[in-house]
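Undergrad: I'm passing along model10.tsv; it holds TSV, C-alpha atoms and all ligand atoms.
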```tsv
chain	number	residue	atom	x	y	z
D	1	MET	CA	-9.84	2.64	-14.89
D	2	ALA	CA	-10.61	2.17	-11.26
D	3	GLN	CA	-10.81	-1.37	-9.94
D	4	SER	CA	-12.94	-2.37	-6.99
D	5	ARG	CA	-11.51	-1.14	-3.71
D	6	SER	CA	-10.42	-4.43	-2.19
D	7	LEU	CA	-8.69	-5.61	-5.37
D	8	ARG	CA	-6.50	-2.62	-6.10
D	9	ALA	CA	-2.93	-3.62	-6.77
D	10	ARG	CA	-0.33	-1.72	-4.79
D	11	ARG	CA	2.91	-3.72	-4.90
D	12	SER	CA	4.74	-0.64	-6.24
D	13	CYS	CA	3.42	2.83	-5.35
D	14	LEU	CA	5.26	5.44	-7.41
D	15	ALA	CA	5.76	8.92	-5.96
D	16	VAL	CA	5.48	11.69	-8.57
D	17	PRO	CA	6.06	15.34	-7.56
D	18	GLY	CA	3.01	17.38	-8.58
D	19	SER	CA	5.20	20.36	-9.43
D	20	ASN	CA	7.03	18.47	-12.17
D	21	PRO	CA	4.98	18.16	-15.41
D	22	LYS	CA	7.74	16.15	-17.08
D	23	MET	CA	7.61	13.47	-14.40
D	24	LEU	CA	3.80	13.54	-14.39
D	25	GLY	CA	4.01	12.64	-18.09
D	26	LYS	CA	6.71	10.01	-17.77
D	27	ALA	CA	5.05	8.21	-14.85
D	28	GLN	CA	2.10	7.22	-17.05
D	29	GLY	CA	4.18	4.76	-19.05
D	30	LEU	CA	5.91	3.08	-16.10
D	31	PRO	CA	4.85	-0.36	-14.80
D	32	ALA	CA	3.96	0.73	-11.24
D	33	ASP	CA	0.74	-0.69	-9.77
D	34	GLN	CA	-0.11	2.67	-8.22
D	35	VAL	CA	0.94	6.26	-8.78
D	36	PHE	CA	0.53	9.00	-6.25
D	37	LEU	CA	0.76	12.53	-7.53
D	38	ASP	CA	2.23	14.50	-4.67
D	39	LEU	CA	1.19	17.89	-3.36
D	40	GLU	CA	3.00	17.40	-0.03
D	41	ASP	CA	6.67	17.08	0.85
D	42	SER	CA	8.15	16.76	-2.65
D	43	VAL	CA	6.57	20.12	-3.59
D	44	ALA	CA	8.10	23.37	-2.33
D	45	PRO	CA	5.72	25.71	-0.45
D	46	MET	CA	5.82	28.32	-3.21
D	47	ALA	CA	4.86	25.72	-5.84
D	48	LYS	CA	1.98	24.15	-3.84
D	49	GLU	CA	-0.86	26.01	-5.48
D	50	SER	CA	0.32	25.69	-9.07
D	51	ALA	CA	0.97	21.97	-8.50
D	52	ARG	CA	-2.78	21.45	-7.99
D	53	GLY	CA	-3.42	22.46	-11.60
D	54	ASN	CA	-0.65	20.18	-12.91
D	55	VAL	CA	-2.08	17.23	-11.00
D	56	THR	CA	-5.67	17.69	-12.16
D	57	ALA	CA	-4.52	18.16	-15.75
D	58	ALA	CA	-2.40	14.99	-15.57
D	59	LEU	CA	-5.33	12.99	-14.16
D	60	ASN	CA	-7.79	14.28	-16.74
D	61	GLU	CA	-5.61	14.30	-19.82
D	62	GLY	CA	-3.16	11.49	-19.10
D	63	ASP	CA	-3.45	7.79	-19.90
D	64	TRP	CA	-2.84	5.94	-16.63
D	65	GLY	CA	-3.91	2.51	-17.90
D	66	GLU	CA	-4.80	0.13	-15.06
D	67	LYS	CA	-2.84	2.04	-12.44
D	68	THR	CA	-4.43	2.99	-9.13
D	69	ARG	CA	-4.51	6.81	-9.23
D	70	VAL	CA	-3.91	8.64	-5.97
D	71	VAL	CA	-3.12	12.24	-4.99
D	72	ARG	CA	-1.29	13.01	-1.74
D	73	VAL	CA	-2.61	16.23	-0.22
D	74	ASN	CA	-1.01	18.27	2.56
D	75	ASP	CA	-1.73	17.33	6.18
D	76	TRP	CA	-4.30	18.96	8.44
D	77	THR	CA	-1.72	21.08	10.33
D	78	THR	CA	-1.03	23.13	7.16
D	79	GLN	CA	-3.16	25.78	5.44
D	80	TRP	CA	-3.42	23.73	2.24
D	81	THR	CA	-5.46	20.60	3.03
D	82	TYR	CA	-8.99	21.84	2.26
D	83	GLY	CA	-7.83	23.71	-0.83
D	84	ASP	CA	-6.03	20.61	-2.11
D	85	VAL	CA	-9.11	18.43	-1.66
D	86	ILE	CA	-11.44	20.93	-3.32
D	87	ALA	CA	-9.10	21.59	-6.24
D	88	VAL	CA	-8.34	17.93	-6.93
D	89	VAL	CA	-11.81	16.45	-6.43
D	90	GLU	CA	-13.65	19.28	-8.17
D	91	GLY	CA	-11.09	19.29	-10.95
D	92	ALA	CA	-10.52	15.57	-11.50
D	93	GLY	CA	-12.63	13.57	-9.00
D	94	ALA	CA	-13.93	11.21	-11.70
D	95	ASN	CA	-10.37	10.26	-12.65
D	96	LEU	CA	-9.12	9.62	-9.13
D	97	ASP	CA	-9.23	6.43	-7.03
D	98	ALA	CA	-8.04	7.70	-3.64
D	99	LEU	CA	-6.58	10.62	-1.73
D	100	MET	CA	-3.60	10.09	0.55
D	101	LEU	CA	-3.65	11.97	3.87
D	102	PRO	CA	-0.16	12.30	5.36
D	103	LYS	CA	0.84	12.64	9.03
D	104	VAL	CA	-2.49	11.33	10.33
D	105	GLN	CA	-2.62	11.66	14.11
D	106	SER	CA	-6.17	10.75	15.12
D	107	ALA	CA	-9.43	9.18	13.99
D	108	GLU	CA	-10.99	12.69	14.05
D	109	GLN	CA	-8.64	13.83	11.31
D	110	VAL	CA	-9.89	11.00	9.10
D	111	VAL	CA	-13.52	11.74	9.92
D	112	ALA	CA	-13.02	15.42	9.04
D	113	PHE	CA	-11.33	14.43	5.78
D	114	ASP	CA	-14.18	12.05	4.90
D	115	LEU	CA	-16.76	14.80	5.58
D	116	LEU	CA	-14.91	17.31	3.41
D	117	LEU	CA	-14.60	14.75	0.61
D	118	THR	CA	-18.31	13.97	0.87
D	119	GLN	CA	-19.21	17.67	0.54
D	120	VAL	CA	-17.09	18.11	-2.54
D	121	GLU	CA	-18.43	14.90	-4.11
D	122	LYS	CA	-21.99	16.12	-3.52
D	123	SER	CA	-21.32	19.59	-4.83
D	124	VAL	CA	-19.98	18.30	-8.15
D	125	GLY	CA	-22.37	15.36	-8.49
D	126	LEU	CA	-19.87	12.53	-7.96
D	127	GLU	CA	-20.90	9.23	-6.36
D	128	VAL	CA	-20.46	9.74	-2.61
D	129	GLY	CA	-17.89	7.43	-1.03
D	130	ARG	CA	-16.18	6.09	-4.16
D	131	ILE	CA	-12.92	7.94	-3.60
D	132	GLY	CA	-10.85	6.08	-1.02
D	133	ILE	CA	-8.48	7.35	1.68
D	134	GLU	CA	-4.91	6.21	2.27
D	135	ALA	CA	-3.64	7.12	5.77
D	136	GLN	CA	0.06	7.70	6.34
D	137	ILE	CA	1.38	7.00	9.85
D	138	GLU	CA	4.35	9.29	10.39
D	139	ASN	CA	4.68	10.06	14.08
D	140	ALA	CA	4.32	8.58	17.54
D	141	ARG	CA	0.79	9.88	18.01
D	142	GLY	CA	-0.35	8.37	14.72
D	143	LEU	CA	1.11	5.00	15.62
D	144	VAL	CA	-0.46	4.97	19.08
D	145	GLU	CA	-3.83	5.86	17.51
D	146	VAL	CA	-3.49	3.57	14.49
D	147	ASP	CA	-6.31	1.16	15.38
D	148	ALA	CA	-8.81	3.99	15.66
D	149	ILE	CA	-7.45	5.63	12.50
D	150	ALA	CA	-7.81	2.39	10.54
D	151	GLY	CA	-11.45	2.09	11.60
D	152	ALA	CA	-12.39	5.76	11.26
D	153	SER	CA	-13.97	5.67	7.79
D	154	PRO	CA	-15.20	3.05	5.33
D	155	ARG	CA	-13.19	4.94	2.72
D	156	ILE	CA	-9.85	3.90	4.22
D	157	GLU	CA	-8.03	1.46	1.94
D	158	THR	CA	-4.46	1.44	3.20
D	159	ILE	CA	-2.30	2.25	6.18
D	160	ILE	CA	1.12	3.46	5.06
D	161	PHE	CA	4.33	3.69	7.06
D	162	GLY	CA	6.13	7.03	6.50
D	163	PRO	CA	9.62	6.21	7.78
D	164	ALA	CA	11.38	9.53	7.13
D	165	ASP	CA	8.94	11.69	9.07
D	166	PHE	CA	8.52	8.93	11.64
D	167	MET	CA	12.23	8.66	12.35
D	168	ALA	CA	12.41	12.43	12.76
D	169	SER	CA	9.37	12.50	15.05
D	170	ILE	CA	10.70	9.92	17.49
D	171	ASN	CA	14.29	11.32	17.43
D	172	MET	CA	15.71	8.10	15.99
D	173	ARG	CA	19.49	8.52	15.74
D	174	SER	CA	19.85	7.92	12.01
D	175	LEU	CA	19.49	9.81	8.76
D	176	VAL	CA	19.31	6.73	6.55
D	177	VAL	CA	15.70	5.72	5.97
D	178	GLY	CA	15.08	2.00	6.16
D	179	GLU	CA	18.50	1.03	7.48
D	180	GLN	CA	19.11	0.21	11.13
D	181	PRO	CA	20.19	3.15	13.31
D	182	PRO	CA	23.91	2.86	14.07
D	183	GLY	CA	24.46	1.42	17.54
D	184	TYR	CA	21.28	-0.67	17.52
D	185	ASP	CA	22.65	-4.15	17.03
D	186	VAL	CA	20.08	-6.40	18.63
D	187	GLY	CA	17.32	-6.68	16.06
D	188	ASP	CA	15.21	-4.69	13.64
D	189	ALA	CA	14.46	-1.20	14.94
D	190	TYR	CA	11.36	-1.04	12.67
D	191	HIS	CA	9.82	-4.37	13.64
D	192	TYR	CA	7.41	-3.01	16.23
D	193	ILE	CA	6.25	-0.17	13.99
D	194	LEU	CA	5.67	-2.41	10.97
D	195	MET	CA	3.83	-5.02	13.04
D	196	ARG	CA	1.70	-2.39	14.75
D	197	ILE	CA	0.63	-1.00	11.36
D	198	LEU	CA	0.06	-4.47	9.93
D	199	MET	CA	-2.18	-5.51	12.84
D	200	ALA	CA	-4.32	-2.38	12.54
D	201	ALA	CA	-4.59	-2.82	8.78
D	202	ARG	CA	-5.55	-6.49	8.96
D	203	MET	CA	-8.00	-5.86	11.79
D	204	HIS	CA	-9.96	-3.69	9.35
D	205	ASP	CA	-9.22	-5.65	6.14
D	206	LEU	CA	-6.99	-2.90	4.75
D	207	GLN	CA	-3.76	-3.03	2.82
D	208	ALA	CA	-0.48	-2.31	4.63
D	209	ILE	CA	2.09	-0.37	2.62
D	210	ASP	CA	5.75	0.23	3.42
D	211	GLY	CA	7.27	3.67	2.79
D	212	PRO	CA	10.18	4.93	0.72
D	213	TYR	CA	13.81	3.82	0.49
D	214	LEU	CA	15.79	6.93	-0.32
D	215	GLN	CA	19.08	5.47	-1.59
D	216	ILE	CA	17.62	5.09	-5.06
D	217	LYS	CA	20.81	3.74	-6.66
D	218	ASP	CA	21.12	0.93	-4.11
D	219	LEU	CA	18.74	-1.72	-5.48
D	220	ASP	CA	20.13	-4.45	-3.25
D	221	GLY	CA	19.35	-2.27	-0.25
D	222	PHE	CA	15.85	-1.65	-1.59
D	223	ARG	CA	15.25	-5.37	-2.04
D	224	ARG	CA	16.60	-6.16	1.44
D	225	VAL	CA	14.38	-3.63	3.18
D	226	ALA	CA	11.33	-4.42	1.02
D	227	GLY	CA	11.89	-8.13	1.62
D	228	ARG	CA	11.48	-7.62	5.37
D	229	SER	CA	8.05	-5.98	5.19
D	230	ALA	CA	6.96	-8.35	2.41
D	231	ALA	CA	7.92	-11.29	4.63
D	232	LEU	CA	5.74	-9.94	7.43
D	233	GLY	CA	2.77	-9.64	5.06
D	234	PHE	CA	2.87	-6.07	3.75
D	235	ASP	CA	1.20	-5.61	0.35
D	236	GLY	CA	3.60	-3.15	-1.27
D	237	LYS	CA	6.08	-0.33	-0.93
D	238	TRP	CA	6.68	3.15	-2.23
D	239	VAL	CA	9.05	3.58	-5.13
D	240	LEU	CA	10.79	6.87	-5.80
D	241	HIS	CA	12.54	5.98	-9.03
D	242	PRO	CA	11.65	3.89	-12.09
D	243	GLY	CA	14.53	1.55	-11.23
D	244	GLN	CA	12.79	0.43	-8.03
D	245	ILE	CA	9.50	-0.57	-9.71
D	246	ASP	CA	10.35	-4.03	-11.04
D	247	ALA	CA	12.03	-4.93	-7.76
D	248	ALA	CA	8.92	-3.95	-5.77
D	249	ASN	CA	6.59	-5.83	-8.12
D	250	GLU	CA	8.74	-8.90	-7.69
D	251	VAL	CA	9.35	-8.69	-3.95
D	252	TYR	CA	5.64	-8.23	-3.12
D	253	SER	CA	4.51	-11.07	-5.40
D	254	PRO	CA	4.91	-14.66	-4.25
D	255	SER	CA	7.66	-16.70	-5.95
D	256	GLN	CA	6.58	-19.18	-8.62
D	257	VAL	CA	7.46	-22.06	-6.28
D	258	ASP	CA	5.33	-20.68	-3.44
D	259	TYR	CA	2.49	-19.88	-5.81
D	260	ASP	CA	2.48	-23.41	-7.27
D	261	HIS	CA	2.63	-24.84	-3.76
D	262	SER	CA	-0.34	-22.74	-2.63
D	263	GLU	CA	-2.52	-23.88	-5.56
D	264	LEU	CA	-1.51	-27.48	-4.88
D	265	ILE	CA	-2.55	-27.18	-1.22
D	266	LEU	CA	-5.92	-25.70	-2.25
D	267	ASP	CA	-6.63	-28.52	-4.71
D	268	ALA	CA	-5.36	-31.25	-2.40
D	269	TYR	CA	-7.38	-29.98	0.52
D	270	GLU	CA	-10.53	-29.59	-1.54
D	271	HIS	CA	-10.12	-33.18	-2.68
D	272	ALA	CA	-9.38	-34.47	0.84
D	273	THR	CA	-12.49	-32.88	2.32
D	274	SER	CA	-14.75	-34.10	-0.51
D	275	GLU	CA	-16.61	-37.39	-0.53
D	276	ALA	CA	-14.23	-38.77	-3.14
D	277	GLY	CA	-11.29	-37.87	-0.92
D	278	GLY	CA	-12.75	-39.47	2.20
D	279	MET	CA	-14.08	-36.28	3.86
D	280	ARG	CA	-10.87	-35.83	5.81
D	281	GLY	CA	-9.91	-32.54	7.48
D	282	ALA	CA	-6.21	-33.29	7.98
D	283	VAL	CA	-4.18	-35.13	5.32
D	284	MET	CA	-0.67	-35.54	4.06
D	285	LEU	CA	0.49	-33.67	0.95
D	286	GLY	CA	3.90	-35.19	0.24
D	287	ASP	CA	5.76	-34.86	3.53
D	288	GLU	CA	3.57	-32.08	4.86
D	289	MET	CA	0.41	-32.29	6.92
D	290	ILE	CA	-2.30	-29.91	5.73
D	291	ASP	CA	-5.56	-28.83	7.33
D	292	GLU	CA	-7.99	-25.91	7.31
D	293	ALA	CA	-5.34	-23.44	8.55
D	294	SER	CA	-3.03	-24.53	5.71
D	295	ARG	CA	-5.88	-23.78	3.29
D	296	LYS	CA	-6.23	-20.27	4.71
D	297	MET	CA	-2.50	-19.58	4.37
D	298	ALA	CA	-2.53	-20.98	0.85
D	299	LEU	CA	-5.47	-18.76	-0.09
D	300	VAL	CA	-3.44	-15.65	0.77
D	301	VAL	CA	-0.46	-16.68	-1.35
D	302	ALA	CA	-2.66	-17.90	-4.22
D	303	ALA	CA	-4.63	-14.63	-4.26
D	304	LYS	CA	-1.44	-12.56	-4.39
D	305	GLY	CA	-0.01	-14.79	-7.11
D	306	ARG	CA	-3.15	-14.63	-9.24
D	307	ALA	CA	-3.29	-10.84	-8.81
D	308	ALA	CA	0.35	-10.66	-9.94
D	309	GLY	CA	-0.55	-12.59	-13.11
D	310	LEU	CA	1.28	-15.83	-12.21
D	311	THR	CA	0.05	-19.06	-13.78
D	312	ARG	CA	0.65	-22.44	-12.20
D	313	THR	CA	3.27	-24.72	-13.59
D	314	SER	CA	2.10	-27.95	-11.92
D	315	SER	CA	-1.27	-29.60	-11.37
D	316	PHE	CA	-2.78	-31.76	-8.65
D	317	GLU	CA	-3.17	-35.50	-9.18
D	318	PRO	CA	-5.56	-37.11	-6.68
D	319	PRO	CA	-3.80	-40.04	-4.96
D	320	SER	CA	-5.06	-43.46	-6.11
D	321	GLN	CA	-6.97	-45.18	-3.29
D	401	LIG	C1	7.10	9.56	3.71
D	401	LIG	O1	6.27	10.41	3.57
D	401	LIG	C2	8.02	9.54	4.78
D	401	LIG	O2	8.00	10.49	5.58
D	401	LIG	O3	8.81	8.58	4.87
D	402	MG	MG	6.39	11.92	5.12
```
Give the structure from the file, written as structure tokens.
Ligand code: GLV
Ligand code: MG
TA:
Amino acid sequence: MAQSRSLRARRSCLAVPGSNPKMLGKAQGLPADQVFLDLEDSVAPMAKESARGNVTAALNEGDWGEKTRVVRVNDWTTQWTYGDVIAVVEGAGANLDALMLPKVQSAEQVVAFDLLLTQVEKSVGLEVGRIGIEAQIENARGLVEVDAIAGASPRIETIIFGPADFMASINMRSLVVGEQPPGYDVGDAYHYILMRILMAARMHDLQAIDGPYLQIKDLDGFRRVAGRSAALGFDGKWVLHPGQIDAANEVYSPSQVDYDHSELILDAYEHATSEAGGMRGAVMLGDEMIDEASRKMALVVAAKGRAAGLTRTSSFEPPSQ
């Protein structure tokens, strides 16, 4: 069942082609935090319309457990977008958490999408505004407009990097998604893009999601690339194959050591600022000085750890005076 918007888990976001009933069935039993049933680029043009029926049937008849349930529709430059939204929301709106809009290029495209969604919700008697929007940034225009896109509708939940389309759109000289373009040996060619998306997402309290890694047999490569966006603060990544799911769930959760440390900082700081602790705003925790900013950093790690189901393995002992 749907969780509240801000709490939805998205460490692993599993892509499932809407034209493949077998995969729509199999995906239900996999441990991904989110599934997105695709009507866009993994579905051939001639299968687009029949895929809508597969997707609504899978949402209505399937058992998706606690997963966040998303459908990716086709982008506004195609002839399919409005038909996708009407078919999916009329057919299975009550069993859907969000729609993903690919290749978003402007705030207006999000506003138009929100209006269309609102009409369909009203026409079938669904609560207006419950279904969220995930916006994929996949070209230069989308990236330049990303702040406005992120703020264009209260329905927006995530900003997603779409590396394959993005690399094509900027003429990057590489065919290997996620890896550095050959010849670029002075840093990470994706750093600016990831940071730009992360800033826009955080400015509007949204999740930031990294896109696919296409070499599905190369798990070390997946972990390496995922580790970079996770280190920056991204909340999760697409997975294209069941084998990538556990790796994503692990990479986007804090380690046990970091989680324990974060809970320790929270307890120690709460004690330090209390009357019993001397009402101090900056104190030592072991060899480390902690203050209000440390508490804020610890809150982020603790929240991710708790959401990932970690439990602490050490407890705080107040220092004897
Ligand atoms: C995903 O849609 C991508 O283009 O990478
Ligand atoms: Mg794409």
Undergrad: Report as a list in words all protein, DNA and RNA residues lying within 12 Å of Leu194 (chain D), evaluated on only C-alpha atoms, omitting residues in the same chain fewer than 6 positions from it.
TA: Ile137, Glu138, Leu143, Val146, Ile159, Ile160, Phe161, Gly162, Pro163, Phe166, Gly178, Asp188, Ala200, Ala201, Ala208, Ile209, Asp210, Gly211, Val225, Ala226, Arg228, Ser229, Ala230, Ala231, Leu232, Gly233, Phe234 and Asp235 of chain D
Undergrad: Write as a PyMOL selection string the residues around ligand MG 402 (chain D), taking 12 Å as the cut-off and counting only C-alpha atoms and all ligand atoms.
TA: chain D and resi 15+38-43+72-75+100-104+135-139+160-169+177+210-214+238
Undergrad: In terms of the shortest atom-to-atom distance over only C-alpha atoms, which of D:Val257, D:Val120, D:Ile245, D:Ala282 is closest to Gly91 (chain D)?
TA: D:Val120
Undergrad: Kindly indicate which residue among D:Thr158, D:Thr68, D:Thr273, D:Ser123 lies nearest to Asp291 (chain D), using all atoms listed in the file for the distances.
TA: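 For Asp291 (chain D), the nearest of the candidates is D:Thr273.
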Undergrad: Just to confirm, what's the straight-line distance from CA of Gln109 (chain D) to CA of Ala140 (chain D) in Å (one decimal)?
TA: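 Between CA of Gln109 (chain D) and CA of Ala140 (chain D) the gap works out to 15.3 Å.
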Undergrad: Using all atoms listed in the file, which residue out of D:Leu30, D:Ala92, D:Ile133, D:Leu175 lies closest to ligand LIG 401 (chain D)?
TA: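 The closest residue to ligand LIG 401 (chain D) is D:Leu175.
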Undergrad: May I ask which of the residues D:Thr77, D:Ser314, D:Gln215, D:Asn54 is the closest one to Met23 (chain D), counting only C-alpha atoms?
TA: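 Nearest candidate to Met23 (chain D) out of D:Thr77, D:Ser314, D:Gln215, D:Asn54: D:Asn54.
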Undergrad: Would you mind telling me which residue in D:Val301, D:Val55, D:Ala98, D:Ala32 lies nearest to Asp260 (chain D) when using all atoms listed in the file?
TA: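 Going through D:Val301, D:Val55, D:Ala98, D:Ala32 one by one, the smallest distance to Asp260 (chain D) is for D:Val301.
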Undergrad: To box ligand LIG 401 (chain D), take all atoms listed in the file, fit an axis-aligned box, add 3 Å on each side, and give centre and edge lengths in Å to one decimal, as JSON.
TA:
```
{"center_x": 7.5, "center_y": 9.5, "center_z": 4.6, "size_x": 8.5, "size_y": 7.9, "size_z": 8.0}
```
Undergrad: Looking at D:Val251, D:Val300, D:Ala87, D:Met199, which one is nearest to Lys48 (chain D), with distances taken over only C-alpha atoms?
TA: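 Result for the nearest residue to Lys48 (chain D): D:Ala87.
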Undergrad: Report the distance between atom O3 of ligand LIG 401 (chain D) and CA of Ala303 (chain D) in Å, rounded to one decimal place.
TA: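 Here the two named atoms are 28.3 Å from each other.
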Undergrad: Which neighbours of Pro254 (chain D) fall inside 12 Å, counting all atoms listed in the file, when residues of the same chain fewer than 5 positions from it are skipped, and could you give them as a PyMOL selection string?
TA: chain D and resi 11+227+230-231+233-236+248-249+259-263+298-312
Undergrad: Quick one: distance from CA of Ala148 (chain D) to CA of Glu179 (chain D) in Å, one decimal?
TA: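 Atom-to-atom, CA of Ala148 (chain D) and CA of Glu179 (chain D) are spaced 28.7 Å apart.
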Undergrad: Is it possible to get the residues within 9 Å of (-9.7, 9.1, 10.3) (coordinates as in the file, counting all atoms listed in the file) written as number ranges by chain?
TA: D: 104-114, 133, 135, 148-153, 156
Undergrad: Show me the residues around (-5.4, -29.7, -1.2) - criterion: an atom at most 9 Å away, all atoms listed in the file counted - as a list in words.
TA: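 Every polymer residue passing the test: Ser262, Glu263, Leu264, Ile265, Leu266, Asp267, Ala268, Tyr269, Glu270, His271, Ala272, Thr273, Val283, Leu285, Ile290, Asp291, Ser294, Arg295 and Phe316 of chain D.
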Undergrad: Could you write region 269-280 of chain D as a PDB file, in the frame of the given file, with N, CA and C atoms rebuilt where they are missing?
TA:
```pdb
ATOM      1  N   TYR D 269      -6.490 -30.058  -0.649  1.00  0.00           N
ATOM      2  CA  TYR D 269      -7.380 -29.980   0.520  1.00  0.00           C
ATOM      3  C   TYR D 269      -8.846 -30.074   0.100  1.00  0.00           C
ATOM      4  N   GLU D 270      -9.158 -29.481  -1.043  1.00  0.00           N
ATOM      5  CA  GLU D 270     -10.530 -29.590  -1.540  1.00  0.00           C
ATOM      6  C   GLU D 270     -10.853 -31.059  -1.809  1.00  0.00           C
ATOM      7  N   HIS D 271      -9.896 -31.756  -2.410  1.00  0.00           N
ATOM      8  CA  HIS D 271     -10.120 -33.180  -2.680  1.00  0.00           C
ATOM      9  C   HIS D 271     -10.271 -33.956  -1.372  1.00  0.00           C
ATOM     10  N   ALA D 272      -9.364 -33.695  -0.416  1.00  0.00           N
ATOM     11  CA  ALA D 272      -9.380 -34.470   0.840  1.00  0.00           C
ATOM     12  C   ALA D 272     -10.702 -34.316   1.584  1.00  0.00           C
ATOM     13  N   THR D 273     -11.264 -33.111   1.546  1.00  0.00           N
ATOM     14  CA  THR D 273     -12.490 -32.880   2.320  1.00  0.00           C
ATOM     15  C   THR D 273     -13.739 -33.339   1.561  1.00  0.00           C
ATOM     16  N   SER D 274     -13.584 -33.682   0.289  1.00  0.00           N
ATOM     17  CA  SER D 274     -14.750 -34.100  -0.510  1.00  0.00           C
ATOM     18  C   SER D 274     -15.078 -35.573  -0.212  1.00  0.00           C
ATOM     19  N   GLU D 275     -16.219 -35.990  -0.707  1.00  0.00           N
ATOM     20  CA  GLU D 275     -16.610 -37.390  -0.530  1.00  0.00           C
ATOM     21  C   GLU D 275     -15.585 -38.313  -1.193  1.00  0.00           C
ATOM     22  N   ALA D 276     -15.195 -37.935  -2.411  1.00  0.00           N
ATOM     23  CA  ALA D 276     -14.230 -38.770  -3.140  1.00  0.00           C
ATOM     24  C   ALA D 276     -12.908 -38.886  -2.391  1.00  0.00           C
ATOM     25  N   GLY D 277     -12.571 -37.868  -1.633  1.00  0.00           N
ATOM     26  CA  GLY D 277     -11.290 -37.870  -0.920  1.00  0.00           C
ATOM     27  C   GLY D 277     -11.401 -38.431   0.482  1.00  0.00           C
ATOM     28  N   GLY D 278     -12.597 -38.840   0.891  1.00  0.00           N
ATOM     29  CA  GLY D 278     -12.750 -39.470   2.200  1.00  0.00           C
ATOM     30  C   GLY D 278     -13.204 -38.496   3.286  1.00  0.00           C
ATOM     31  N   MET D 279     -13.577 -37.292   2.913  1.00  0.00           N
ATOM     32  CA  MET D 279     -14.080 -36.280   3.860  1.00  0.00           C
ATOM     33  C   MET D 279     -13.146 -36.107   5.049  1.00  0.00           C
ATOM     34  N   ARG D 280     -11.864 -35.965   4.741  1.00  0.00           N
ATOM     35  CA  ARG D 280     -10.870 -35.830   5.810  1.00  0.00           C
ATOM     36  C   ARG D 280     -10.449 -34.369   5.972  1.00  0.00           C
TER      37      ARG D 280
END
```
